[in-house]
>>> print(open('my_file.pdb').read())   # PDB, C-alpha atoms
ATOM      1  CA  MET A  15    -213.905 192.026   2.860  1.00  0.00           C
ATOM      2  CA  GLY A  16    -215.246 192.288  -0.624  1.00  0.00           C
ATOM      3  CA  GLY A  17    -215.963 195.429  -2.578  1.00  0.00           C
ATOM      4  CA  ILE A  18    -214.752 198.961  -2.230  1.00  0.00           C
ATOM      5  CA  SER A  19    -216.717 202.154  -1.833  1.00  0.00           C
ATOM      6  CA  GLN A  20    -215.997 205.434  -3.603  1.00  0.00           C
ATOM      7  CA  PRO A  21    -214.965 207.133  -0.309  1.00  0.00           C
ATOM      8  CA  GLN A  22    -212.432 204.334   0.317  1.00  0.00           C
ATOM      9  CA  LEU A  23    -211.055 204.630  -3.201  1.00  0.00           C
ATOM     10  CA  ASP A  24    -210.828 208.425  -2.883  1.00  0.00           C
ATOM     11  CA  ALA A  25    -208.964 208.115   0.438  1.00  0.00           C
ATOM     12  CA  TYR A  26    -206.509 205.650  -1.083  1.00  0.00           C
ATOM     13  CA  LYS A  27    -205.848 207.922  -4.069  1.00  0.00           C
ATOM     14  CA  GLN A  28    -205.204 210.911  -1.796  1.00  0.00           C
ATOM     15  CA  CYS A  29    -203.006 208.834   0.506  1.00  0.00           C
ATOM     16  CA  ARG A  30    -200.997 207.662  -2.512  1.00  0.00           C
ATOM     17  CA  GLU A  31    -200.597 211.226  -3.812  1.00  0.00           C
ATOM     18  CA  TRP A  32    -199.153 212.354  -0.471  1.00  0.00           C
ATOM     19  CA  LEU A  33    -196.820 209.364  -0.403  1.00  0.00           C
ATOM     20  CA  ASP A  34    -195.645 209.863  -3.988  1.00  0.00           C
ATOM     21  CA  ALA A  35    -194.973 213.555  -3.343  1.00  0.00           C
ATOM     22  CA  ALA A  36    -192.745 212.551  -0.418  1.00  0.00           C
ATOM     23  CA  ILE A  37    -190.954 209.822  -2.379  1.00  0.00           C
ATOM     24  CA  ASP A  38    -190.213 212.274  -5.191  1.00  0.00           C
ATOM     25  CA  LEU A  39    -188.188 214.361  -2.714  1.00  0.00           C
ATOM     26  CA  VAL A  40    -185.989 211.491  -1.512  1.00  0.00           C
ATOM     27  CA  ARG A  41    -182.540 212.164  -2.984  1.00  0.00           C
ATOM     28  CA  PRO A  42    -179.099 213.128  -1.688  1.00  0.00           C
ATOM     29  CA  GLY A  43    -179.103 216.679  -0.366  1.00  0.00           C
ATOM     30  CA  SER A  44    -182.849 216.842   0.283  1.00  0.00           C
ATOM     31  CA  THR A  45    -183.909 217.489   3.850  1.00  0.00           C
ATOM     32  CA  THR A  46    -186.523 215.929   6.096  1.00  0.00           C
ATOM     33  CA  ASP A  47    -188.406 219.232   6.369  1.00  0.00           C
ATOM     34  CA  GLU A  48    -188.921 219.248   2.589  1.00  0.00           C
ATOM     35  CA  ILE A  49    -190.537 215.832   2.820  1.00  0.00           C
ATOM     36  CA  ALA A  50    -192.689 216.684   5.852  1.00  0.00           C
ATOM     37  CA  SER A  51    -193.876 219.896   4.205  1.00  0.00           C
ATOM     38  CA  VAL A  52    -195.695 218.014   1.404  1.00  0.00           C
ATOM     39  CA  TRP A  53    -197.861 216.187   3.935  1.00  0.00           C
ATOM     40  CA  PRO A  54    -201.107 217.784   5.150  1.00  0.00           C
ATOM     41  CA  THR A  55    -201.180 219.798   8.340  1.00  0.00           C
ATOM     42  CA  ALA A  56    -202.941 218.538  11.449  1.00  0.00           C
ATOM     43  CA  GLN A  57    -205.733 221.042  10.841  1.00  0.00           C
ATOM     44  CA  GLU A  58    -206.202 219.775   7.278  1.00  0.00           C
ATOM     45  CA  LEU A  59    -206.597 216.288   8.728  1.00  0.00           C
ATOM     46  CA  GLY A  60    -209.075 217.505  11.360  1.00  0.00           C
ATOM     47  CA  PHE A  61    -206.747 217.358  14.378  1.00  0.00           C
ATOM     48  CA  PRO A  62    -206.032 220.162  16.860  1.00  0.00           C
ATOM     49  CA  SER A  63    -202.227 219.855  16.789  1.00  0.00           C
ATOM     50  CA  GLU A  64    -199.388 218.142  14.990  1.00  0.00           C
ATOM     51  CA  GLU A  65    -198.645 216.126  18.126  1.00  0.00           C
ATOM     52  CA  SER A  66    -202.177 214.685  18.162  1.00  0.00           C
ATOM     53  CA  CYS A  67    -201.665 213.078  14.732  1.00  0.00           C
ATOM     54  CA  PHE A  68    -197.914 212.450  14.928  1.00  0.00           C
ATOM     55  CA  GLY A  69    -197.850 208.940  13.435  1.00  0.00           C
ATOM     56  CA  LEU A  70    -200.287 209.468  10.580  1.00  0.00           C
ATOM     57  CA  GLN A  71    -197.856 211.074   8.099  1.00  0.00           C
ATOM     58  CA  PHE A  72    -194.531 209.696   9.169  1.00  0.00           C
ATOM     59  CA  GLY A  73    -191.137 208.535   8.024  1.00  0.00           C
ATOM     60  CA  HIS A  74    -188.327 206.770   9.829  1.00  0.00           C
ATOM     61  CA  GLY A  75    -184.998 205.203   9.104  1.00  0.00           C
ATOM     62  CA  VAL A  76    -184.834 201.453   8.597  1.00  0.00           C
ATOM     63  CA  GLY A  77    -181.820 199.417   9.621  1.00  0.00           C
ATOM     64  CA  VAL A  78    -181.074 197.285  12.649  1.00  0.00           C
ATOM     65  CA  GLY A  79    -183.953 198.663  14.732  1.00  0.00           C
ATOM     66  CA  LEU A  80    -187.609 199.161  13.901  1.00  0.00           C
ATOM     67  CA  TYR A  81    -187.708 202.963  14.133  1.00  0.00           C
ATOM     68  CA  GLU A  82    -184.319 204.521  13.490  1.00  0.00           C
ATOM     69  CA  PRO A  83    -183.360 208.113  12.926  1.00  0.00           C
ATOM     70  CA  PRO A  84    -183.880 210.260  11.160  1.00  0.00           C
ATOM     71  CA  MET A  85    -187.569 210.566  11.899  1.00  0.00           C
ATOM     72  CA  ILE A  86    -189.625 212.498   9.380  1.00  0.00           C
ATOM     73  CA  SER A  87    -192.667 214.277  10.773  1.00  0.00           C
ATOM     74  CA  ARG A  88    -194.237 217.709  10.794  1.00  0.00           C
ATOM     75  CA  VAL A  89    -193.767 217.640  14.594  1.00  0.00           C
ATOM     76  CA  HIS A  90    -189.979 218.041  14.501  1.00  0.00           C
ATOM     77  CA  SER A  91    -188.645 217.918  10.929  1.00  0.00           C
ATOM     78  CA  LEU A  92    -189.875 221.414  10.065  1.00  0.00           C
ATOM     79  CA  GLU A  93    -187.804 222.895  12.909  1.00  0.00           C
ATOM     80  CA  CYS A  94    -184.892 220.436  12.959  1.00  0.00           C
ATOM     81  CA  PRO A  95    -184.298 219.177   9.424  1.00  0.00           C
ATOM     82  CA  ILE A  96    -181.742 216.512   8.604  1.00  0.00           C
ATOM     83  CA  GLU A  97    -180.048 216.203   5.220  1.00  0.00           C
ATOM     84  CA  LEU A  98    -180.532 212.941   3.341  1.00  0.00           C
ATOM     85  CA  GLU A  99    -177.450 211.019   2.244  1.00  0.00           C
ATOM     86  CA  GLU A 100    -176.904 208.288  -0.305  1.00  0.00           C
ATOM     87  CA  GLY A 101    -177.506 204.851   1.212  1.00  0.00           C
ATOM     88  CA  MET A 102    -180.094 205.937   3.793  1.00  0.00           C
ATOM     89  CA  VAL A 103    -183.202 203.734   3.864  1.00  0.00           C
ATOM     90  CA  PHE A 104    -186.598 205.032   4.973  1.00  0.00           C
ATOM     91  CA  ALA A 105    -190.094 203.791   5.584  1.00  0.00           C
ATOM     92  CA  LEU A 106    -192.487 206.524   4.465  1.00  0.00           C
ATOM     93  CA  GLU A 107    -196.071 206.175   5.673  1.00  0.00           C
ATOM     94  CA  THR A 108    -199.208 208.141   4.853  1.00  0.00           C
ATOM     95  CA  TYR A 109    -202.785 208.024   6.127  1.00  0.00           C
ATOM     96  CA  CYS A 110    -206.044 209.485   4.843  1.00  0.00           C
ATOM     97  CA  ALA A 111    -209.467 209.182   6.433  1.00  0.00           C
ATOM     98  CA  ALA A 112    -212.344 208.424   4.085  1.00  0.00           C
ATOM     99  CA  THR A 113    -215.353 210.730   3.902  1.00  0.00           C
ATOM    100  CA  ASP A 114    -217.673 207.909   5.022  1.00  0.00           C
ATOM    101  CA  GLY A 115    -216.604 208.479   8.639  1.00  0.00           C
ATOM    102  CA  ARG A 116    -215.432 204.912   9.263  1.00  0.00           C
ATOM    103  CA  SER A 117    -212.868 203.912   6.635  1.00  0.00           C
ATOM    104  CA  ALA A 118    -209.322 205.054   5.960  1.00  0.00           C
ATOM    105  CA  ALA A 119    -206.279 204.322   3.850  1.00  0.00           C
ATOM    106  CA  ARG A 120    -202.731 203.706   5.063  1.00  0.00           C
ATOM    107  CA  ILE A 121    -199.811 203.085   2.727  1.00  0.00           C
ATOM    108  CA  GLU A 122    -196.135 202.470   3.483  1.00  0.00           C
ATOM    109  CA  GLU A 123    -193.195 202.222   1.116  1.00  0.00           C
ATOM    110  CA  GLU A 124    -189.549 201.499   1.908  1.00  0.00           C
ATOM    111  CA  VAL A 125    -187.257 203.808  -0.061  1.00  0.00           C
ATOM    112  CA  VAL A 126    -183.465 203.989  -0.414  1.00  0.00           C
ATOM    113  CA  VAL A 127    -181.589 207.185  -1.232  1.00  0.00           C
ATOM    114  CA  THR A 128    -179.474 206.560  -4.343  1.00  0.00           C
ATOM    115  CA  LYS A 129    -176.985 208.688  -6.242  1.00  0.00           C
ATOM    116  CA  GLU A 130    -179.653 209.134  -8.947  1.00  0.00           C
ATOM    117  CA  GLY A 131    -182.458 209.936  -6.496  1.00  0.00           C
ATOM    118  CA  ASN A 132    -184.513 207.169  -4.919  1.00  0.00           C
ATOM    119  CA  ARG A 133    -185.526 203.576  -5.394  1.00  0.00           C
ATOM    120  CA  ILE A 134    -188.551 201.884  -3.864  1.00  0.00           C
ATOM    121  CA  LEU A 135    -187.589 198.663  -2.086  1.00  0.00           C
ATOM    122  CA  THR A 136    -191.106 197.523  -1.201  1.00  0.00           C
ATOM    123  CA  ARG A 137    -192.034 194.416  -3.150  1.00  0.00           C
ATOM    124  CA  PHE A 138    -195.794 194.411  -2.533  1.00  0.00           C
ATOM    125  CA  PRO A 139    -197.620 196.495  -5.174  1.00  0.00           C
ATOM    126  CA  ALA A 140    -199.244 199.545  -3.588  1.00  0.00           C
ATOM    127  CA  GLU A 141    -199.673 201.840  -6.582  1.00  0.00           C
ATOM    128  CA  GLU A 142    -203.371 201.014  -6.607  1.00  0.00           C
ATOM    129  CA  LEU A 143    -205.807 199.604  -4.092  1.00  0.00           C
ATOM    130  CA  LEU A 144    -206.071 195.830  -4.163  1.00  0.00           C
ATOM    131  CA  VAL A 145    -209.385 194.481  -2.919  1.00  0.00           C
ATOM    132  CA  ALA A 146    -209.615 191.193  -1.035  1.00  0.00           C
ATOM    133  CA  GLY A 147    -212.621 188.944  -0.913  1.00  0.00           C
ATOM    134  CA  LYS A 148    -213.010 187.970  -4.565  1.00  0.00           C
ATOM    135  CA  THR A 149    -215.168 184.883  -4.956  1.00  0.00           C
ATOM    136  CA  TYR A 150    -213.245 182.024  -6.498  1.00  0.00           C
ATOM    137  CA  VAL A 151    -214.822 178.899  -7.953  1.00  0.00           C
ATOM    138  CA  ARG A 152    -213.418 175.547  -6.854  1.00  0.00           C
ATOM    139  CA  GLY A 153    -213.039 172.800  -9.423  1.00  0.00           C
ATOM    140  CA  ALA A 154    -215.285 170.548  -7.346  1.00  0.00           C
ATOM    141  CA  ASP A 155    -218.075 173.128  -7.609  1.00  0.00           C
ATOM    142  CA  LEU A 156    -218.007 172.804 -11.410  1.00  0.00           C
ATOM    143  CA  LEU A 157    -218.687 169.040 -11.412  1.00  0.00           C
ATOM    144  CA  ASP A 158    -222.130 167.898 -12.413  1.00  0.00           C
ATOM    145  CA  ALA A 159    -223.993 166.984  -9.237  1.00  0.00           C
ATOM    146  CA  SER A 160    -225.081 163.707 -10.824  1.00  0.00           C
ATOM    147  CA  LEU A 161    -221.439 162.639 -11.073  1.00  0.00           C
ATOM    148  CA  SER A 162    -220.736 163.286  -7.407  1.00  0.00           C
ATOM    149  CA  PRO A 163    -221.051 160.374  -4.971  1.00  0.00           C
ATOM    150  CA  ALA A 164    -224.238 160.499  -2.913  1.00  0.00           C
TER
END
>>> encode(input="my_file.pdb", output="structure tokens")
Amino acid sequence: MGGISQPQLDAYKQCREWLDAAIDLVRPGSTTDEIASVWPTAQELGFPSEESCFGLQFGHGVGVGLYEPPMISRVHSLECPIELEEGMVFALETYCAATDGRSAARIEEEVVVTKEGNRILTRFPAEELLVAGKTYVRGADLLDASLSPA
């Protein structure tokens, strides 16, 4: 916890770009293969096959169950696309490894297909990386030590 390194920030920015490109395609009439095609290939991510990194760039329906159809992934969406319809709700998730060899970014947004296009339902702000671990000063720490009971 604490600060952020440049590789972590770079990974987050790339992860966000992939996610935003996918969100931009969520509208009635779009297809799941269009969304999956804006995500990097397994080889671009350093994996030998799409199956080996299946859950890294991923989308799924949200409703009664945790993972509902349609699933959005390069593994099956490119060959078996499904058309998006108004009212569908998706979780879209992206991942990007940092160049430091140990860090990574993962972002998820919930998106609904609307007549006008899409609307993000997620309430937590994820447009930029928020860093935890800020040092806060307690009021008691500001008191003059001579005023504190011994």
>>> resolve_selection(input="my_file.pdb", expression="the PyMOL selection byres ((chain A and resi 90-104) around 8)", output="PyMOL selection string")
chain A and resi 40-48+50-51+73-77+84-89+105-106+124-129
>>> axis_aligned_box(input="my_file.pdb", around="segment 63-69 of chain A", padding_each_side="5 Å", output="lines of an AutoDock Vina configuration file")
center_x = -200.0
center_y = 214.4
center_z = 15.8
size_x = 14.4
size_y = 20.9
size_z = 14.7
>>> resolve_selection(input="my_file.pdb", expression="the PyMOL selection byres ((chain A and resi 57-66) around 9)", output="compact mmCIF listing (two decimals) with C-alpha atoms, keeping the file's coordinate frame")
# COMPACT_ATOMS: atom_id res chain seq x y z
CA PRO A 54 -201.11 217.78 5.15
CA THR A 55 -201.18 219.80 8.34
CA ALA A 56 -202.94 218.54 11.45
CA CYS A 67 -201.66 213.08 14.73
CA PHE A 68 -197.91 212.45 14.93
CA GLY A 69 -197.85 208.94 13.44
CA SER A 87 -192.67 214.28 10.77
CA ARG A 88 -194.24 217.71 10.79
CA VAL A 89 -193.77 217.64 14.59
CA CYS A 110 -206.04 209.48 4.84
CA ALA A 111 -209.47 209.18 6.43
>>> atom_distance(input="my_file.pdb", atom1="atom CA of Glu141 of chain A", atom2="atom CA of Gln28 of chain A")
11.7 Å
>>> closest_residue(input="my_file.pdb", among="A:Asp24, A:Gly17, A:Leu143, A:Cys29", to="Asp114 of chain A", atoms="all atoms listed in the file")
A:Asp24
>>> decode(input="my_file.pdb", residues="segment 33-82 of chain A", atoms="N, CA and C atoms", output="short mmCIF file (atom, residue, chain, number, x, y, z; two decimals), in the first residue's frame")
data_model
loop_
_atom_site.label_atom_id
_atom_site.label_comp_id
_atom_site.auth_asym_id
_atom_site.auth_seq_id
_atom_site.Cartn_x
_atom_site.Cartn_y
_atom_site.Cartn_z
N LEU A 33 -10.62 -1.38 -21.94
CA LEU A 33 -11.97 -1.42 -21.40
C LEU A 33 -12.86 -0.36 -22.07
N ASP A 34 -12.35 0.84 -22.22
CA ASP A 34 -13.13 1.90 -22.86
C ASP A 34 -13.45 1.58 -24.31
N ALA A 35 -12.51 0.96 -25.01
CA ALA A 35 -12.77 0.57 -26.40
C ALA A 35 -13.91 -0.44 -26.47
N ALA A 36 -13.96 -1.35 -25.50
CA ALA A 36 -15.04 -2.34 -25.46
C ALA A 36 -16.37 -1.67 -25.10
N ILE A 37 -16.36 -0.80 -24.11
CA ILE A 37 -17.59 -0.11 -23.70
C ILE A 37 -18.17 0.70 -24.84
N ASP A 38 -17.31 1.34 -25.62
CA ASP A 38 -17.77 2.15 -26.75
C ASP A 38 -18.58 1.34 -27.76
N LEU A 39 -18.35 0.04 -27.81
CA LEU A 39 -19.05 -0.83 -28.77
C LEU A 39 -20.36 -1.39 -28.23
N VAL A 40 -20.66 -1.18 -26.97
CA VAL A 40 -21.88 -1.72 -26.37
C VAL A 40 -23.06 -0.85 -26.77
N ARG A 41 -23.88 -1.39 -27.68
CA ARG A 41 -25.09 -0.72 -28.17
C ARG A 41 -25.95 -1.76 -28.88
N PRO A 42 -27.23 -1.51 -29.02
CA PRO A 42 -28.08 -2.48 -29.71
C PRO A 42 -27.57 -2.74 -31.12
N GLY A 43 -27.53 -4.00 -31.49
CA GLY A 43 -27.07 -4.39 -32.82
C GLY A 43 -25.60 -4.74 -32.91
N SER A 44 -24.80 -4.30 -31.93
CA SER A 44 -23.39 -4.70 -31.90
C SER A 44 -23.33 -6.19 -31.58
N THR A 45 -22.19 -6.79 -31.84
CA THR A 45 -22.04 -8.21 -31.56
C THR A 45 -20.84 -8.45 -30.65
N THR A 46 -20.88 -9.57 -29.96
CA THR A 46 -19.83 -9.90 -28.99
C THR A 46 -18.47 -10.06 -29.65
N ASP A 47 -18.42 -10.45 -30.92
CA ASP A 47 -17.13 -10.56 -31.59
C ASP A 47 -16.50 -9.19 -31.82
N GLU A 48 -17.33 -8.16 -32.04
CA GLU A 48 -16.80 -6.80 -32.20
C GLU A 48 -16.11 -6.35 -30.91
N ILE A 49 -16.74 -6.66 -29.80
CA ILE A 49 -16.15 -6.29 -28.51
C ILE A 49 -14.86 -7.06 -28.27
N ALA A 50 -14.89 -8.37 -28.43
CA ALA A 50 -13.71 -9.20 -28.19
C ALA A 50 -12.55 -8.83 -29.10
N SER A 51 -12.86 -8.34 -30.29
CA SER A 51 -11.78 -8.03 -31.25
C SER A 51 -10.96 -6.81 -30.85
N VAL A 52 -11.46 -5.95 -29.95
CA VAL A 52 -10.66 -4.79 -29.54
C VAL A 52 -9.72 -5.13 -28.39
N TRP A 53 -9.84 -6.32 -27.84
CA TRP A 53 -8.95 -6.75 -26.77
C TRP A 53 -7.71 -7.40 -27.37
N PRO A 54 -6.58 -7.34 -26.68
CA PRO A 54 -5.34 -7.91 -27.23
C PRO A 54 -5.42 -9.43 -27.37
N THR A 55 -4.65 -9.93 -28.31
CA THR A 55 -4.59 -11.38 -28.51
C THR A 55 -3.77 -12.01 -27.39
N ALA A 56 -3.87 -13.31 -27.27
CA ALA A 56 -3.09 -14.04 -26.27
C ALA A 56 -1.59 -13.80 -26.50
N GLN A 57 -1.17 -13.82 -27.74
CA GLN A 57 0.24 -13.61 -28.05
C GLN A 57 0.69 -12.21 -27.65
N GLU A 58 -0.16 -11.22 -27.84
CA GLU A 58 0.19 -9.86 -27.42
C GLU A 58 0.33 -9.75 -25.90
N LEU A 59 -0.37 -10.61 -25.20
CA LEU A 59 -0.29 -10.64 -23.73
C LEU A 59 0.80 -11.57 -23.23
N GLY A 60 1.46 -12.28 -24.14
CA GLY A 60 2.54 -13.19 -23.75
C GLY A 60 2.09 -14.60 -23.42
N PHE A 61 0.91 -15.00 -23.88
CA PHE A 61 0.40 -16.35 -23.63
C PHE A 61 0.41 -17.17 -24.91
N PRO A 62 0.49 -18.49 -24.80
CA PRO A 62 0.57 -19.33 -25.99
C PRO A 62 -0.75 -19.52 -26.73
N SER A 63 -1.88 -19.35 -26.03
CA SER A 63 -3.18 -19.57 -26.68
C SER A 63 -4.25 -18.73 -26.00
N GLU A 64 -5.34 -18.53 -26.70
CA GLU A 64 -6.45 -17.78 -26.12
C GLU A 64 -7.02 -18.49 -24.90
N GLU A 65 -7.03 -19.81 -24.93
CA GLU A 65 -7.56 -20.58 -23.79
C GLU A 65 -6.73 -20.36 -22.54
N SER A 66 -5.42 -20.16 -22.69
CA SER A 66 -4.54 -20.03 -21.53
C SER A 66 -4.72 -18.69 -20.80
N CYS A 67 -5.38 -17.73 -21.45
CA CYS A 67 -5.62 -16.44 -20.79
C CYS A 67 -7.09 -16.04 -20.88
N PHE A 68 -7.95 -17.05 -20.90
CA PHE A 68 -9.39 -16.87 -21.11
C PHE A 68 -10.02 -15.78 -20.26
N GLY A 69 -9.78 -15.74 -18.98
CA GLY A 69 -10.46 -14.81 -18.08
C GLY A 69 -9.83 -13.44 -17.95
N LEU A 70 -8.77 -13.15 -18.69
CA LEU A 70 -8.10 -11.87 -18.51
C LEU A 70 -8.83 -10.72 -19.20
N GLN A 71 -9.30 -10.92 -20.41
CA GLN A 71 -10.13 -9.95 -21.13
C GLN A 71 -11.45 -10.67 -21.31
N PHE A 72 -12.48 -10.23 -20.61
CA PHE A 72 -13.65 -11.07 -20.46
C PHE A 72 -14.89 -10.23 -20.23
N GLY A 73 -16.00 -10.70 -20.72
CA GLY A 73 -17.28 -10.07 -20.44
C GLY A 73 -18.31 -11.15 -20.19
N HIS A 74 -19.30 -10.83 -19.39
CA HIS A 74 -20.37 -11.80 -19.13
C HIS A 74 -21.64 -11.06 -18.75
N GLY A 75 -22.74 -11.70 -19.01
CA GLY A 75 -24.02 -11.14 -18.63
C GLY A 75 -24.16 -11.10 -17.12
N VAL A 76 -24.94 -10.14 -16.64
CA VAL A 76 -25.21 -10.01 -15.21
C VAL A 76 -26.72 -10.04 -15.03
N GLY A 77 -27.17 -10.84 -14.10
CA GLY A 77 -28.60 -10.94 -13.85
C GLY A 77 -28.82 -11.67 -12.55
N VAL A 78 -29.47 -12.83 -12.63
CA VAL A 78 -29.75 -13.61 -11.44
C VAL A 78 -28.51 -14.36 -10.98
N GLY A 79 -27.73 -14.88 -11.94
CA GLY A 79 -26.52 -15.62 -11.61
C GLY A 79 -25.28 -14.77 -11.75
N LEU A 80 -24.16 -15.29 -11.28
CA LEU A 80 -22.90 -14.55 -11.32
C LEU A 80 -22.38 -14.39 -12.74
N TYR A 81 -22.27 -15.47 -13.47
CA TYR A 81 -21.78 -15.42 -14.85
C TYR A 81 -22.89 -15.93 -15.76
N GLU A 82 -23.56 -15.01 -16.43
CA GLU A 82 -24.66 -15.38 -17.31
C GLU A 82 -24.26 -15.13 -18.76
#
